[in-house]
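Quick look at structure_22.cif (mmCIF, C-alpha atoms):
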```
data_final
loop_
_atom_site.label_atom_id
_atom_site.label_comp_id
_atom_site.auth_asym_id
_atom_site.auth_seq_id
_atom_site.Cartn_x
_atom_site.Cartn_y
_atom_site.Cartn_z
CA MET A 1 -68.90 -80.57 193.27
CA ILE A 2 -66.67 -79.18 190.57
CA SER A 3 -68.16 -76.42 188.52
CA LEU A 4 -66.44 -75.15 185.43
CA ASP A 5 -67.11 -71.79 183.88
CA PHE A 6 -65.58 -71.37 180.46
CA GLY A 7 -67.72 -68.32 179.69
CA ALA A 8 -65.62 -66.11 181.93
CA VAL A 9 -62.49 -67.14 180.04
CA LEU A 10 -63.94 -67.08 176.53
CA ALA A 11 -65.25 -63.56 177.17
CA GLU A 12 -61.60 -62.50 177.09
CA TRP A 13 -61.21 -63.76 173.53
CA PRO A 14 -59.51 -60.61 172.19
CA GLN A 15 -56.61 -61.19 174.58
CA LEU A 16 -56.39 -64.88 173.70
CA LEU A 17 -56.37 -63.96 170.03
CA ARG A 18 -53.63 -61.39 170.60
CA GLY A 19 -51.58 -63.94 172.49
CA ALA A 20 -52.03 -66.60 169.81
CA ALA A 21 -51.07 -64.15 167.09
CA PHE A 22 -47.98 -63.14 169.07
CA THR A 23 -47.01 -66.79 169.56
CA LEU A 24 -47.31 -67.38 165.83
CA GLY A 25 -45.30 -64.25 165.02
CA LEU A 26 -42.61 -65.23 167.50
CA THR A 27 -42.49 -68.71 165.98
CA ALA A 28 -42.36 -67.43 162.39
CA VAL A 29 -39.42 -65.11 163.05
CA SER A 30 -37.58 -67.72 165.10
CA ALA A 31 -38.22 -70.47 162.56
CA VAL A 32 -36.77 -68.45 159.65
CA LEU A 33 -33.70 -67.30 161.58
CA GLY A 34 -33.30 -70.60 163.45
CA VAL A 35 -33.42 -72.79 160.35
CA GLY A 36 -31.03 -70.36 158.64
CA LEU A 37 -28.62 -70.64 161.56
CA GLY A 38 -29.12 -74.38 161.59
CA VAL A 39 -28.27 -74.76 157.92
CA ALA A 40 -25.15 -72.64 158.36
CA CYS A 41 -24.09 -74.74 161.34
CA GLY A 42 -25.02 -77.93 159.52
CA TRP A 43 -22.75 -76.89 156.66
CA ALA A 44 -19.98 -76.10 159.14
CA ARG A 45 -20.37 -79.49 160.82
CA ALA A 46 -20.36 -81.41 157.56
CA TRP A 47 -17.98 -79.46 155.31
CA GLY A 48 -16.39 -76.74 157.43
CA PRO A 49 -12.77 -76.46 158.56
CA ALA A 50 -11.81 -78.47 161.63
CA TRP A 51 -11.75 -75.53 164.07
CA LEU A 52 -15.21 -74.36 162.99
CA ARG A 53 -16.53 -77.90 163.27
CA ALA A 54 -15.29 -78.02 166.86
CA VAL A 55 -16.80 -74.63 167.77
CA VAL A 56 -20.19 -75.52 166.30
CA GLY A 57 -20.01 -78.93 167.98
CA VAL A 58 -19.62 -77.28 171.39
CA TYR A 59 -22.52 -74.92 170.67
CA VAL A 60 -24.80 -77.75 169.58
CA GLU A 61 -23.96 -79.94 172.59
CA LEU A 62 -24.33 -77.06 175.07
CA ILE A 63 -27.77 -76.10 173.81
CA ARG A 64 -29.10 -79.61 173.36
CA ASN A 65 -28.13 -80.63 176.88
CA THR A 66 -29.61 -77.69 178.81
CA PRO A 67 -33.28 -76.74 179.25
CA PHE A 68 -34.79 -73.97 177.15
CA ILE A 69 -36.04 -72.12 180.23
CA VAL A 70 -32.48 -71.85 181.61
CA GLN A 71 -31.23 -70.57 178.25
CA LEU A 72 -34.01 -67.99 178.26
CA PHE A 73 -33.29 -66.89 181.84
CA PHE A 74 -29.58 -66.70 181.11
CA ILE A 75 -30.20 -64.43 178.13
CA PHE A 76 -32.86 -62.27 179.77
CA PHE A 77 -31.55 -62.02 183.34
CA GLY A 78 -27.90 -62.91 182.89
CA LEU A 79 -26.78 -60.86 179.90
CA PRO A 80 -27.86 -57.44 181.28
CA SER A 81 -25.08 -57.73 183.87
CA LEU A 82 -22.69 -57.66 180.92
CA GLY A 83 -24.38 -54.49 179.72
CA VAL A 84 -26.65 -56.14 177.13
CA LYS A 85 -30.17 -54.97 177.95
CA LEU A 86 -32.93 -56.80 176.15
CA ASN A 87 -36.70 -56.45 176.22
CA PRO A 88 -38.67 -59.68 176.76
CA GLU A 89 -39.65 -60.03 173.11
CA ILE A 90 -36.11 -59.73 171.76
CA ALA A 91 -34.78 -62.03 174.48
CA SER A 92 -37.45 -64.60 173.54
CA VAL A 93 -36.56 -64.46 169.86
CA ILE A 94 -32.84 -64.80 170.59
CA ALA A 95 -33.40 -67.74 172.92
CA MET A 96 -35.68 -69.48 170.42
CA VAL A 97 -33.29 -68.90 167.50
CA VAL A 98 -30.27 -70.11 169.47
CA ASN A 99 -32.24 -73.16 170.64
CA LEU A 100 -33.72 -74.07 167.26
CA GLY A 101 -30.38 -73.41 165.56
CA ALA A 102 -28.67 -76.16 167.55
CA TYR A 103 -31.31 -78.79 166.82
CA ALA A 104 -31.70 -77.69 163.20
CA ALA A 105 -27.93 -77.96 162.77
CA GLU A 106 -27.99 -81.66 163.57
CA ILE A 107 -31.02 -82.20 161.34
CA ALA A 108 -29.50 -80.24 158.44
CA ARG A 109 -26.19 -82.05 158.85
CA ALA A 110 -27.92 -85.41 158.53
CA GLY A 111 -29.50 -84.17 155.29
CA ILE A 112 -26.25 -82.77 153.91
CA GLU A 113 -24.28 -85.90 154.74
CA GLY A 114 -26.89 -88.00 152.95
CA THR A 115 -25.99 -86.42 149.62
CA PRO A 116 -24.68 -89.01 147.12
CA ARG A 117 -21.02 -88.30 146.28
CA GLY A 118 -21.69 -88.51 142.57
CA GLN A 119 -23.97 -85.48 142.64
CA ILE A 120 -21.29 -83.29 144.18
CA GLU A 121 -18.68 -84.57 141.73
CA ALA A 122 -21.07 -84.00 138.82
CA ALA A 123 -21.72 -80.42 139.96
CA ARG A 124 -17.98 -79.72 140.32
CA SER A 125 -17.29 -81.17 136.90
CA LEU A 126 -19.71 -78.59 135.52
CA ALA A 127 -17.38 -75.91 136.97
CA MET A 128 -19.86 -74.80 139.61
CA SER A 129 -18.31 -72.83 142.44
CA GLU A 130 -18.32 -74.36 145.93
CA ALA A 131 -21.13 -71.99 146.96
CA GLN A 132 -23.19 -73.01 143.94
CA VAL A 133 -22.59 -76.68 144.61
CA PHE A 134 -23.85 -76.28 148.16
CA LEU A 135 -26.77 -73.94 147.55
CA ARG A 136 -28.07 -75.42 144.30
CA VAL A 137 -27.13 -79.07 144.34
CA VAL A 138 -26.68 -80.18 147.92
CA LEU A 139 -29.02 -78.06 150.03
CA PRO A 140 -32.44 -78.39 148.34
CA PRO A 141 -32.56 -82.21 148.32
CA ALA A 142 -30.94 -82.26 151.77
CA LEU A 143 -33.74 -80.08 153.17
CA ALA A 144 -36.33 -82.17 151.36
CA ARG A 145 -34.92 -85.31 152.98
CA VAL A 146 -35.06 -83.95 156.52
CA TRP A 147 -38.08 -81.67 156.22
CA PRO A 148 -40.36 -83.89 158.38
CA ALA A 149 -37.81 -83.75 161.23
CA MET A 150 -37.35 -80.01 160.74
CA THR A 151 -41.12 -79.51 160.86
CA SER A 152 -41.36 -81.43 164.13
CA GLN A 153 -38.56 -79.38 165.64
CA ILE A 154 -40.20 -76.09 164.68
CA VAL A 155 -43.45 -77.28 166.29
CA ILE A 156 -41.50 -78.21 169.44
CA VAL A 157 -39.97 -74.73 169.55
CA MET A 158 -43.42 -73.17 169.13
CA LEU A 159 -44.72 -75.21 172.07
CA GLY A 160 -41.60 -74.32 174.04
CA SER A 161 -42.32 -70.63 173.53
CA ALA A 162 -45.01 -70.95 176.21
CA VAL A 163 -42.14 -70.46 178.65
CA CYS A 164 -41.47 -66.97 177.27
CA GLY A 165 -44.52 -65.77 179.21
CA GLN A 166 -42.37 -66.23 182.32
CA ILE A 167 -40.25 -63.24 181.32
CA ALA A 168 -43.43 -61.30 180.43
CA ALA A 169 -43.26 -61.70 176.67
CA GLN A 170 -46.89 -61.22 175.73
CA GLU A 171 -47.59 -64.54 174.08
CA LEU A 172 -50.49 -66.94 174.57
CA SER A 173 -49.55 -68.44 177.94
CA TYR A 174 -48.87 -64.93 179.29
CA PHE A 175 -52.46 -63.93 178.56
CA ALA A 176 -53.79 -67.21 179.93
CA ASN A 177 -52.00 -66.35 183.15
CA LEU A 178 -53.28 -62.80 183.09
CA ILE A 179 -56.88 -63.93 182.58
CA GLN A 180 -56.75 -66.45 185.43
CA SER A 181 -55.23 -63.87 187.76
CA ARG A 182 -58.25 -61.65 187.14
CA ASN A 183 -61.15 -64.11 187.31
CA PHE A 184 -59.56 -66.97 189.29
CA ARG A 185 -60.70 -69.47 186.65
CA ALA A 186 -57.25 -70.99 186.41
CA PHE A 187 -58.15 -74.47 185.18
CA GLU A 188 -60.56 -73.21 182.53
CA SER A 189 -58.13 -70.57 181.38
CA PHE A 190 -55.33 -73.07 180.86
CA ILE A 191 -57.66 -75.60 179.22
CA VAL A 192 -58.61 -72.99 176.65
CA ALA A 193 -54.99 -71.95 176.12
CA THR A 194 -53.96 -75.59 175.76
CA ALA A 195 -56.67 -76.19 173.16
CA ILE A 196 -55.44 -73.15 171.23
CA TYR A 197 -51.87 -74.47 171.37
CA LEU A 198 -53.09 -77.82 170.04
CA ALA A 199 -54.85 -76.09 167.16
CA LEU A 200 -51.76 -73.96 166.47
CA SER A 201 -49.50 -77.00 166.37
CA VAL A 202 -51.77 -78.75 163.87
CA LEU A 203 -51.99 -75.56 161.79
CA LEU A 204 -48.24 -75.01 161.91
CA ARG A 205 -47.47 -78.58 160.91
CA GLN A 206 -49.85 -78.42 157.93
CA THR A 207 -48.45 -75.06 156.85
CA LEU A 208 -44.86 -76.29 156.98
CA ASN A 209 -45.74 -79.46 155.09
CA TRP A 210 -47.16 -77.29 152.35
CA LEU A 211 -44.54 -74.58 152.53
CA GLY A 212 -41.49 -76.82 152.22
CA PRO A 213 -42.07 -78.39 148.79
CA LYS A 214 -43.80 -75.29 147.47
CA TRP A 215 -41.36 -72.52 148.40
CA ILE A 216 -38.24 -73.76 150.15
CA PHE A 217 -36.69 -76.66 148.30
CA GLY A 218 -38.98 -76.98 145.30
CA ARG A 219 -40.22 -80.25 143.91
CA VAL A 220 -37.14 -82.37 144.25
CA PRO A 221 -37.20 -85.70 142.45
CA GLN A 222 -36.85 -88.27 145.21
CA SER A 223 -34.19 -90.86 144.56
CA ARG A 224 -35.99 -93.46 146.65
CA MET B 1 -26.19 -59.27 204.24
CA VAL B 2 -24.76 -62.73 203.85
CA ASP B 3 -22.02 -63.05 201.30
CA PHE B 4 -22.31 -65.83 198.77
CA SER B 5 -19.07 -67.19 197.44
CA LEU B 6 -19.02 -69.08 194.17
CA TRP B 7 -18.71 -72.27 196.18
CA ASP B 8 -21.85 -71.35 198.19
CA ILE B 9 -23.80 -70.86 194.98
CA PHE B 10 -22.52 -74.12 193.61
CA ARG B 11 -23.19 -76.05 196.80
CA ASN B 12 -26.75 -74.81 197.08
CA LEU B 13 -27.44 -75.61 193.46
CA LEU B 14 -25.99 -79.05 193.97
CA MET B 15 -28.42 -79.68 196.83
CA ALA B 16 -31.34 -78.62 194.63
CA ALA B 17 -30.08 -80.75 191.75
CA ARG B 18 -30.94 -83.82 193.83
CA TRP B 19 -34.60 -82.91 193.40
CA THR B 20 -34.15 -82.57 189.65
CA VAL B 21 -32.68 -86.07 189.58
CA LEU B 22 -35.39 -87.49 191.80
CA LEU B 23 -38.23 -85.91 189.81
CA SER B 24 -36.65 -87.13 186.57
CA LEU B 25 -36.41 -90.67 187.89
CA VAL B 26 -40.00 -90.68 189.17
CA ALA B 27 -41.30 -89.35 185.85
CA PHE B 28 -39.13 -91.70 183.81
CA VAL B 29 -40.00 -94.86 185.74
CA GLY B 30 -43.67 -93.96 186.18
CA GLY B 31 -43.94 -92.82 182.57
CA GLY B 32 -42.24 -96.00 181.41
CA LEU B 33 -44.79 -98.17 183.24
CA VAL B 34 -47.75 -96.23 181.84
CA ALA B 35 -46.19 -96.26 178.38
CA MET B 36 -45.74 -100.04 178.57
CA ALA B 37 -49.39 -100.53 179.55
CA LEU B 38 -50.52 -98.30 176.67
CA LEU B 39 -48.25 -100.10 174.23
CA LEU B 40 -49.51 -103.54 175.26
CA ALA B 41 -53.12 -102.37 174.98
CA ARG B 42 -52.35 -101.20 171.49
CA LEU B 43 -50.50 -104.35 170.42
CA ALA B 44 -53.14 -106.65 171.90
CA LYS B 45 -55.65 -104.77 169.72
CA LEU B 46 -57.97 -104.00 172.63
CA ARG B 47 -61.15 -102.31 171.51
CA GLY B 48 -60.60 -98.58 171.06
CA ALA B 49 -56.98 -98.77 172.19
CA GLN B 50 -55.59 -97.83 168.79
CA ALA B 51 -57.57 -94.62 168.46
CA GLY B 52 -57.46 -93.85 172.18
CA VAL B 53 -53.68 -94.14 172.60
CA SER B 54 -53.10 -92.31 169.34
CA ALA B 55 -55.26 -89.38 170.55
CA TYR B 56 -53.45 -89.46 173.91
CA VAL B 57 -50.08 -89.20 172.19
CA GLN B 58 -51.23 -86.40 169.89
CA LEU B 59 -52.61 -84.49 172.85
CA PHE B 60 -49.37 -84.57 174.83
CA GLN B 61 -47.10 -84.03 171.84
CA GLY B 62 -49.21 -81.17 170.49
CA THR B 63 -49.43 -79.05 173.64
CA PRO B 64 -46.76 -77.30 175.71
CA LEU B 65 -45.42 -79.18 178.73
CA LEU B 66 -45.83 -75.94 180.68
CA MET B 67 -49.60 -75.97 180.05
CA GLN B 68 -49.75 -79.63 181.09
CA LEU B 69 -48.05 -78.70 184.34
CA PHE B 70 -50.46 -75.86 184.97
CA LEU B 71 -53.43 -78.11 184.20
CA ALA B 72 -52.18 -80.79 186.59
CA TYR B 73 -51.55 -78.17 189.27
CA PHE B 74 -54.88 -76.36 188.99
CA GLY B 75 -56.82 -79.44 187.89
CA LEU B 76 -55.93 -81.38 191.04
CA ALA B 77 -56.78 -78.31 193.09
CA LEU B 78 -60.33 -78.44 191.70
CA PHE B 79 -60.89 -81.55 193.80
CA GLY B 80 -60.51 -79.39 196.84
CA VAL B 81 -57.18 -80.72 197.99
CA ASN B 82 -54.28 -78.42 198.50
CA VAL B 83 -51.86 -79.88 195.96
CA PRO B 84 -48.18 -79.80 196.69
CA ALA B 85 -46.14 -78.72 193.66
CA TRP B 86 -44.12 -81.93 193.62
CA LEU B 87 -47.25 -84.03 193.17
CA ALA B 88 -48.56 -81.97 190.28
CA ALA B 89 -45.12 -81.93 188.67
CA ALA B 90 -44.67 -85.69 189.08
CA LEU B 91 -48.13 -86.37 187.63
CA ALA B 92 -47.74 -84.08 184.62
CA LEU B 93 -44.23 -85.26 183.81
CA THR B 94 -45.22 -88.91 184.17
CA LEU B 95 -48.07 -88.53 181.69
CA TYR B 96 -45.90 -86.47 179.34
CA THR B 97 -43.13 -89.08 179.46
CA SER B 98 -45.57 -91.94 178.92
CA ALA B 99 -46.98 -90.36 175.76
CA PHE B 100 -43.54 -89.97 174.19
CA LEU B 101 -42.18 -93.33 175.30
CA THR B 102 -45.21 -95.29 174.11
CA GLU B 103 -44.80 -93.72 170.66
CA ILE B 104 -41.05 -94.39 170.58
CA TRP B 105 -41.53 -98.00 171.63
CA ARG B 106 -44.30 -98.58 169.13
CA GLY B 107 -41.86 -97.62 166.40
CA CYS B 108 -39.35 -100.10 167.82
CA VAL B 109 -41.90 -102.92 167.89
CA ASN B 110 -42.85 -102.08 164.30
CA ALA B 111 -39.18 -102.35 163.37
CA VAL B 112 -39.21 -106.04 164.30
CA PRO B 113 -39.83 -107.94 161.04
CA LYS B 114 -43.42 -109.06 160.50
CA GLY B 115 -42.27 -112.62 159.90
CA GLN B 116 -41.38 -112.88 163.59
CA TRP B 117 -45.03 -112.31 164.55
CA GLU B 118 -46.17 -114.86 161.99
CA ALA B 119 -43.59 -117.38 163.10
CA ALA B 120 -44.70 -117.00 166.70
CA ALA B 121 -48.36 -117.35 165.68
CA SER B 122 -47.58 -120.48 163.67
CA LEU B 123 -46.05 -121.98 166.83
CA ALA B 124 -49.40 -121.32 168.54
CA MET B 125 -47.83 -118.89 170.96
CA SER B 126 -50.22 -116.70 172.92
CA PHE B 127 -49.92 -112.91 172.83
CA GLY B 128 -48.09 -112.93 176.14
CA GLU B 129 -45.63 -115.59 175.02
CA THR B 130 -45.02 -113.83 171.71
CA MET B 131 -44.23 -110.60 173.50
CA ARG B 132 -42.06 -112.22 176.16
CA HIS B 133 -40.02 -114.61 174.03
CA VAL B 134 -40.08 -113.27 170.48
CA ILE B 135 -40.95 -109.60 170.01
CA GLY B 136 -39.99 -108.16 173.39
CA PRO B 137 -36.28 -109.07 173.44
CA GLN B 138 -35.76 -107.88 169.84
CA ALA B 139 -37.70 -104.64 170.31
CA LEU B 140 -35.82 -103.96 173.55
CA ARG B 141 -32.48 -103.94 171.75
CA ILE B 142 -33.76 -101.41 169.23
CA ALA B 143 -35.52 -99.36 171.91
CA LEU B 144 -32.56 -98.83 174.21
CA PRO B 145 -30.78 -95.92 172.43
CA PRO B 146 -33.85 -93.71 171.83
CA THR B 147 -35.17 -94.45 175.33
CA VAL B 148 -31.91 -93.37 176.93
CA GLY B 149 -31.93 -90.34 174.65
CA PHE B 150 -35.41 -89.41 175.80
CA LEU B 151 -34.22 -89.41 179.42
CA VAL B 152 -32.37 -86.21 178.53
CA GLN B 153 -35.67 -84.66 177.42
CA VAL B 154 -37.24 -85.65 180.73
CA ILE B 155 -34.43 -84.10 182.76
CA LYS B 156 -34.73 -80.88 180.77
CA GLY B 157 -38.51 -81.04 181.15
CA THR B 158 -38.26 -81.05 184.94
CA ALA B 159 -36.88 -77.50 184.71
CA LEU B 160 -40.43 -76.35 183.97
CA ALA B 161 -41.59 -77.65 187.35
CA SER B 162 -39.87 -74.55 188.74
CA VAL B 163 -42.70 -72.47 187.29
CA ILE B 164 -45.31 -74.07 189.53
CA GLY B 165 -43.03 -73.63 192.51
CA PHE B 166 -41.25 -76.95 192.86
CA ILE B 167 -37.80 -76.21 194.19
CA GLU B 168 -35.40 -78.00 191.87
CA LEU B 169 -32.30 -76.80 190.08
CA THR B 170 -33.86 -73.98 188.04
CA LYS B 171 -36.03 -72.67 190.89
CA ALA B 172 -33.03 -72.75 193.22
CA GLY B 173 -31.16 -70.73 190.61
CA THR B 174 -33.90 -68.10 190.60
CA MET B 175 -33.94 -67.95 194.39
CA ILE B 176 -30.16 -67.64 194.66
CA THR B 177 -30.24 -64.95 191.98
CA ASN B 178 -32.73 -62.99 194.05
CA ALA B 179 -30.45 -63.26 197.06
CA THR B 180 -27.15 -62.52 195.33
CA PHE B 181 -28.04 -60.30 192.34
CA ARG B 182 -25.60 -62.30 190.23
CA PRO B 183 -27.85 -63.77 187.52
CA PHE B 184 -25.03 -64.27 185.02
CA THR B 185 -22.95 -66.45 187.32
CA VAL B 186 -25.88 -68.30 188.83
CA TYR B 187 -27.64 -69.20 185.58
CA ALA B 188 -24.31 -70.17 184.03
CA CYS B 189 -23.82 -72.57 186.96
CA VAL B 190 -27.36 -73.89 186.58
CA ALA B 191 -26.81 -74.51 182.87
CA LEU B 192 -23.48 -76.17 183.62
CA MET B 193 -25.14 -78.55 186.05
CA TYR B 194 -27.84 -79.54 183.58
CA PHE B 195 -25.10 -80.06 181.04
CA LEU B 196 -23.09 -82.29 183.38
CA LEU B 197 -26.25 -84.26 184.06
CA CYS B 198 -27.47 -84.60 180.46
CA TRP B 199 -24.34 -84.75 178.35
CA PRO B 200 -23.07 -88.14 179.58
CA ILE B 201 -26.53 -89.59 178.95
CA SER B 202 -26.62 -88.12 175.43
CA ALA B 203 -23.17 -89.54 174.75
CA TRP B 204 -24.22 -92.92 176.13
CA SER B 205 -27.31 -92.94 173.90
CA ARG B 206 -25.18 -92.16 170.86
CA ARG B 207 -22.74 -94.94 171.72
CA LEU B 208 -25.59 -97.43 172.12
CA GLU B 209 -26.90 -96.42 168.73
CA ARG B 210 -23.52 -96.95 167.09
CA THR B 211 -23.19 -100.38 168.71
CA LEU B 212 -26.66 -101.32 167.52
CA ARG B 213 -25.96 -100.23 163.97
CA ARG B 214 -22.69 -102.15 163.90
CA GLY B 215 -24.49 -105.25 165.14
CA HIS B 216 -26.74 -105.28 162.10
#
```
Final structure tokens representation of the file:
Amino acid sequence: MISLDFGAVLAEWPQLLRGAAFTLGLTAVSAVLGVGLGVACGWARAWGPAWLRAVVGVYVELIRNTPFIVQLFFIFFGLPSLGVKLNPEIASVIAMVVNLGAYAAEIARAGIEGTPRGQIEAARSLAMSEAQVFLRVVLPPALARVWPAMTSQIVIVMLGSAVCGQIAAQELSYFANLIQSRNFRAFESFIVATAIYLALSVLLRQTLNWLGPKWIFGRVPQSR
Amino acid sequence: MVDFSLWDIFRNLLMAARWTVLLSLVAFVGGGLVAMALLLARLAKLRGAQAGVSAYVQLFQGTPLLMQLFLAYFGLALFGVNVPAWLAAALALTLYTSAFLTEIWRGCVNAVPKGQWEAAASLAMSFGETMRHVIGPQALRIALPPTVGFLVQVIKGTALASVIGFIELTKAGTMITNATFRPFTVYACVALMYFLLCWPISAWSRRLERTLRRGH
């Protein structure tokens, strides 16, 4: 007969809380930097010079066609042999930013390319500089258009961060592993961690849905 | 100590890559079958299917694949059997794949104009006939590009099976690293192999999408 004992796992709630908080922190930092990188790359792909377009294209294809865990291992285990020593937390952030950046680039590009020509021409005719045209006219509605996709991608990266426990970054799955190694309640421990991840993903999605219109691109009048 | 040449590393990784391919195929085919069953249950409006499948999809899309693998691995062990890693990995990846595919395909079925359903109903076609002759063929055309695209996600997902000890490409990379102390070279080779595996499929999916859009 199977007997489950969640008490032994839930008794370790301070560690689970610490792990969840770390996962959220990791995600927040990576999301800000990753979306920033993605927008820059999206601009390069849509409007940049040909050579930059090619370079960014290679970056995007390389990242999107290899698993996150291999990218993480390459950064954490591979780079030190070139003299770049990283602690697990920094390596995790770099891997997550590089990963999110590639996906966000494609999402941002789709938004940027969806800009009606007339808006850009109107902005130029008002003697706005190229930077102003991009930052004030093109980018906010572009982000608004693709924000649902961007939100999904950020949630995917948050869920992917569970792998960072494998290089001993002290996030949620790391503590779930630690707890089960102490009390041998592996199934219960991972059930609890999974439930926390589920709650985090719902929370993160809601937060981003609220955050986008409120703080990032403002209330953009939708043309549709 | 045995010396590993670059070719030795590459050759060993290539051997392990076969398991990545096999696991991907098992998960993709198995997941596809489960996804189809779930989709049909939903479309046939079976009692509770709508809410049930929707919860199933949310569950798998809202939790890390790594946790799903751990749960399959330790969950099966609860039944007292000593679970081989490949079984747990195949089970978890099949369920994961099915949740995503059923959601993708539902979108494709919804993209078929409503009038097609009504036309089929007005010809007194049964649910099975409607699916087979009217909705199915049209939805299939729309579904092909995203389905092929998702295969890339499955292949990348199999990399996580290394964590529960299934020896595929990533795990082989870790083992060779431990033997050679050349993580940079080995993981670069591992990444290259995933790229060679996934990139043609990504490109194929994109081409299918272009063809489909031109057809409309």
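Taking CA of Gly19 (chain A) and CA of Gln71 (chain A) as endpoints, the distance between them is 22.2 Å.
Distance-wise, CA of Ser181 (chain A) and CA of Gln15 (chain A) end up 13.5 Å apart.
If you measure from each of B:Thr147, B:Gln116, B:Gln50, B:Thr97 to His133 (chain B) using only C-alpha atoms, the closest one turns out to be B:Gln116.
For Ala143 (chain B), the non-local neighbours within 7 Å, defined as residues at least 4 positions apart in the same chain or in other chains and counting only C-alpha atoms, are Trp105, Cys108, Ala139 and Thr147 of chain B.
Closest approach to Ile191 (chain A) among B:Gly75, B:Gly31, B:Gly62, B:Gly52 is made by B:Gly75 (distances from only C-alpha atoms).
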